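> Structure file run31.cif (mmCIF, C-alpha atoms) is given on the next line.
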```cif
data_query
loop_
_atom_site.group_PDB
_atom_site.id
_atom_site.type_symbol
_atom_site.label_atom_id
_atom_site.label_comp_id
_atom_site.auth_asym_id
_atom_site.auth_seq_id
_atom_site.Cartn_x
_atom_site.Cartn_y
_atom_site.Cartn_z
ATOM 1 C CA MET A 1 -161.788 13.505 59.571
ATOM 2 C CA MET A 2 -158.682 11.619 60.546
ATOM 3 C CA VAL A 3 -156.310 12.594 63.308
ATOM 4 C CA ALA A 4 -152.975 10.894 63.770
ATOM 5 C CA PHE A 5 -150.680 11.284 66.720
ATOM 6 C CA ALA A 6 -146.948 10.837 66.480
ATOM 7 C CA MET A 7 -145.363 10.665 69.885
ATOM 8 C CA ALA A 8 -141.623 11.112 69.829
ATOM 9 C CA ALA A 9 -138.723 11.272 72.206
ATOM 10 C CA MET A 10 -137.187 14.694 72.630
ATOM 11 C CA ALA A 11 -134.681 15.466 69.892
ATOM 12 C CA THR A 12 -131.450 17.330 70.482
ATOM 13 C CA SER A 13 -131.300 20.760 68.915
ATOM 14 C CA THR A 14 -128.269 22.833 68.019
ATOM 15 C CA SER A 15 -130.212 26.076 68.380
ATOM 16 C CA VAL A 16 -130.468 27.228 71.991
ATOM 17 C CA SER A 17 -133.716 29.137 71.465
ATOM 18 C CA ALA A 18 -135.309 26.239 69.577
ATOM 19 C CA ALA A 19 -134.157 23.795 72.248
ATOM 20 C CA GLU A 20 -135.512 25.990 75.046
ATOM 21 C CA SER A 21 -138.827 26.357 73.222
ATOM 22 C CA HIS A 22 -139.012 22.606 72.693
ATOM 23 C CA VAL A 23 -138.121 21.773 76.302
ATOM 24 C CA GLU A 24 -140.993 23.832 77.692
ATOM 25 C CA ARG A 25 -143.413 21.821 75.533
ATOM 26 C CA VAL A 26 -142.107 18.385 76.510
ATOM 27 C CA VAL A 27 -144.641 16.551 78.666
ATOM 28 C CA HIS A 28 -142.766 15.298 81.715
ATOM 29 C CA LEU A 29 -144.734 12.283 82.954
ATOM 30 C CA ASP A 30 -144.853 12.087 86.719
ATOM 31 C CA SER A 31 -146.888 9.669 88.851
ATOM 32 C CA ALA A 32 -148.042 12.594 91.007
ATOM 33 C CA ALA A 33 -150.057 13.982 88.083
ATOM 34 C CA ALA A 34 -153.516 12.543 87.425
ATOM 35 C CA HIS A 35 -153.763 13.962 83.899
ATOM 36 C CA TYR A 36 -152.205 16.401 81.434
ATOM 37 C CA THR A 37 -153.869 18.767 78.979
ATOM 38 C CA LEU A 38 -151.811 18.419 75.820
ATOM 39 C CA GLY A 39 -153.357 20.959 73.425
ATOM 40 C CA GLY A 40 -150.794 23.684 74.011
ATOM 41 C CA ARG A 41 -147.931 21.226 73.702
ATOM 42 C CA VAL A 42 -148.703 19.690 70.331
ATOM 43 C CA GLU A 43 -147.626 20.657 66.850
ATOM 44 C CA ILE A 44 -150.135 20.210 64.037
ATOM 45 C CA LEU A 45 -149.663 19.378 60.370
ATOM 46 C CA GLU A 46 -152.676 19.609 58.054
ATOM 47 C CA ASP A 47 -152.820 17.019 55.255
ATOM 48 C CA PRO A 48 -155.588 18.251 52.898
ATOM 49 C CA ALA A 49 -155.001 15.427 50.378
ATOM 50 C CA LYS A 50 -154.909 12.790 53.147
ATOM 51 C CA ASN A 51 -152.001 11.073 51.439
ATOM 52 C CA LEU A 52 -149.148 11.462 53.943
ATOM 53 C CA LEU A 53 -147.741 8.397 55.648
ATOM 54 C CA LEU A 54 -146.072 8.263 59.044
ATOM 55 C CA SER A 55 -142.704 8.020 57.304
ATOM 56 C CA ASP A 56 -143.522 11.247 55.419
ATOM 57 C CA VAL A 57 -144.303 13.272 58.537
ATOM 58 C CA LEU A 58 -141.241 11.937 60.364
ATOM 59 C CA GLU A 59 -138.895 13.412 57.745
ATOM 60 C CA PRO A 60 -136.785 16.108 59.447
ATOM 61 C CA SER A 61 -137.214 18.312 56.373
ATOM 62 C CA ARG A 62 -141.044 18.132 56.521
ATOM 63 C CA GLU A 63 -142.379 21.667 56.573
ATOM 64 C CA GLY A 64 -145.798 22.867 57.635
ATOM 65 C CA TRP A 65 -145.837 21.939 61.333
ATOM 66 C CA VAL A 66 -147.553 24.637 63.398
ATOM 67 C CA ARG A 67 -147.457 24.904 67.166
ATOM 68 C CA SER A 68 -150.945 24.758 68.662
ATOM 69 C CA THR A 69 -152.058 27.909 70.414
ATOM 70 C CA GLN A 70 -155.243 26.326 71.760
ATOM 71 C CA GLU A 71 -155.602 24.304 74.941
ATOM 72 C CA ILE A 72 -158.100 22.174 73.033
ATOM 73 C CA PRO A 73 -157.291 22.274 69.293
ATOM 74 C CA ASN A 74 -160.359 22.667 67.090
ATOM 75 C CA PHE A 75 -160.155 21.898 63.381
ATOM 76 C CA GLY A 76 -163.789 22.744 62.615
ATOM 77 C CA LEU A 77 -165.509 20.826 59.849
ATOM 78 C CA SER A 78 -162.784 19.657 57.517
ATOM 79 C CA SER A 79 -162.112 16.846 55.095
ATOM 80 C CA SER A 80 -158.373 17.128 55.815
ATOM 81 C CA ALA A 81 -156.347 14.708 57.866
ATOM 82 C CA PHE A 82 -154.438 16.289 60.738
ATOM 83 C CA TRP A 83 -151.188 15.020 62.200
ATOM 84 C CA LEU A 84 -150.326 15.957 65.776
ATOM 85 C CA ARG A 85 -147.003 15.379 67.462
ATOM 86 C CA LEU A 86 -145.717 15.866 70.948
ATOM 87 C CA SER A 87 -142.738 14.842 73.011
ATOM 88 C CA VAL A 88 -142.954 13.044 76.325
ATOM 89 C CA LYS A 89 -140.352 12.145 78.906
ATOM 90 C CA ASN A 90 -140.913 9.677 81.723
ATOM 91 C CA GLN A 91 -139.707 11.218 84.983
ATOM 92 C CA GLU A 92 -140.128 7.968 86.921
ATOM 93 C CA ALA A 93 -137.547 5.256 87.539
ATOM 94 C CA VAL A 94 -140.031 2.613 86.368
ATOM 95 C CA SER A 95 -142.379 2.370 83.398
ATOM 96 C CA ARG A 96 -146.050 3.080 83.856
ATOM 97 C CA ASP A 97 -149.044 2.783 81.536
ATOM 98 C CA TRP A 98 -150.652 6.069 80.484
ATOM 99 C CA LEU A 99 -153.889 6.662 78.600
ATOM 100 C CA LEU A 100 -153.974 9.086 75.677
ATOM 101 C CA GLU A 101 -157.579 10.185 75.367
ATOM 102 C CA VAL A 102 -159.064 11.921 72.355
ATOM 103 C CA GLY A 103 -162.217 13.363 73.884
ATOM 104 C CA TYR A 104 -164.164 13.853 70.662
ATOM 105 C CA HIS A 105 -166.111 10.782 69.627
ATOM 106 C CA TYR A 106 -167.129 11.987 66.124
ATOM 107 C CA LEU A 107 -163.690 11.339 64.623
ATOM 108 C CA ASP A 108 -163.704 8.612 61.985
ATOM 109 C CA ALA A 109 -160.144 7.470 62.497
ATOM 110 C CA VAL A 110 -157.367 8.136 64.973
ATOM 111 C CA ASP A 111 -153.954 6.557 64.564
ATOM 112 C CA PHE A 112 -151.464 6.549 67.402
ATOM 113 C CA ALA A 113 -147.770 6.023 66.782
ATOM 114 C CA GLU A 114 -145.032 5.998 69.382
ATOM 115 C CA VAL A 115 -141.768 6.917 67.725
ATOM 116 C CA SER A 116 -138.279 7.065 69.160
ATOM 117 C CA GLU A 117 -135.316 8.241 67.080
ATOM 118 C CA ASN A 118 -137.426 7.913 63.880
ATOM 119 C CA GLU A 119 -138.225 4.269 64.629
ATOM 120 C CA THR A 120 -141.855 3.296 65.140
ATOM 121 C CA ILE A 121 -142.217 1.480 68.466
ATOM 122 C CA VAL A 122 -146.022 1.199 68.532
ATOM 123 C CA HIS A 123 -148.677 1.864 65.887
ATOM 124 C CA GLU A 124 -152.331 1.570 66.917
ATOM 125 C CA PRO A 125 -155.179 2.504 64.568
ATOM 126 C CA ALA A 126 -158.535 3.293 66.186
ATOM 127 C CA GLY A 127 -161.906 4.781 65.322
ATOM 128 C CA ASP A 128 -164.962 3.607 63.419
ATOM 129 C CA LEU A 129 -163.218 3.515 60.018
ATOM 130 C CA THR A 130 -160.309 1.293 61.025
#
```
Taking this structure as input, can you express it in the form of structure tokens?

Amino acid sequence: MMVAFAMAAMATSTSVSAAESHVERVVHLDSAAAHYTLGGRVEILEDPAKNLLLSDVLEPSREGWVRSTQEIPNFGLSSSAFWLRLSVKNQEAVSRDWLLEVGYHYLDAVDFAEVSENETIVHEPAGDLT
């Protein structure tokens, strides 16, 4: 199973209800917090054919994203690839390193991409199949 994370800056929305819904899911990074549980703040896209690229999932017209309802998302046994995305905002005046931990060591591949305004800033593949 492959899991990919796309981390993006918060996008502006013209719909008030959509913007309010999105704002409550933005992870506001604050040095006072030791950790964040992200499960309820991610959106998930299943890729059964495992053929989507980062550029595909970044398309604004991409349908199929589902908001996670689980604190710890569980995909069961699946041959699909899963894309997860979340928005973060640094609340601090200075930059700070943060660790994104995927606490399930049986995953074959995990790709991390930091994206801002549809431009990939960082792309890090990880896992035992990379």
> Find the distance between CA of Asp56 (chain A) and CA of Ile44 (chain A) and write it in Å to one decimal.
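Atom-to-atom, CA of Asp56 (chain A) and CA of Ile44 (chain A) are spaced 14.1 Å apart.
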> Can you work out the spacing between CA of Ser79 (chain A) and CA of Ser61 (chain A) in Å, to one decimal?
25.0 Å
> On this file, the PyMOL selection byres ((chain A and resi 47) around 6) gives some set of residues; write that set as a VMD selection string.
chain A and resid 46 48 to 50 80 to 82
> Within 8 Å of Pro125 (chain A), counting all atoms listed in the file, which residues qualify if same-chain residues fewer than 4 places away don't, as a ChimeraX atom specification?
/A:109-112,130
> Pick the closest to Val42 (chain A) from A:Val26, A:Leu86, A:Ala93, A:Ala126: which is it, counting only C-alpha atoms?
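Looking at the shortest contact to Val42 (chain A), the residue is A:Leu86.
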> Check the smallest atom-to-atom distance from each of A:Glu117, A:Glu124, A:Asp97, A:Glu43 to Leu84 (chain A) using all atoms listed in the file, then report the winner.
A:Glu43
> Tell me, in Å to one decimal, how far CA of Leu38 (chain A) is from CA of Ile72 (chain A).
7.8 Å
> Considering only C-alpha atoms, can you say which of A:Ala113, A:Ala32, A:Leu52, A:Val57 comes closest to Leu100 (chain A)?
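Ranked by minimum distance to Leu100 (chain A), first place goes to A:Ala113.
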> When distances are computed from all atoms listed in the file, which of A:Arg25, A:Val94, A:Trp83, A:Gly127 shows the smallest separation from Thr37 (chain A)?
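Counting all atoms listed in the file, the residue closest to Thr37 (chain A) is A:Arg25.
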> Starting from the displayed file, determine the output of the PyMOL selection byres ((chain A and resi 118) around 9) and express the residue list as a list in words.
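On the file shown, the PyMOL selection byres ((chain A and resi 118) around 9) covers Ala8, Ser55, Leu58, Glu59, Val115, Ser116, Glu117, Glu119 and Thr120 of chain A.
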> Please evaluate the PyMOL selection byres ((chain A and resi 28) around 8) against the structure above and give the resulting residues as number ranges by chain.
A: 26-27, 29-30, 88-91
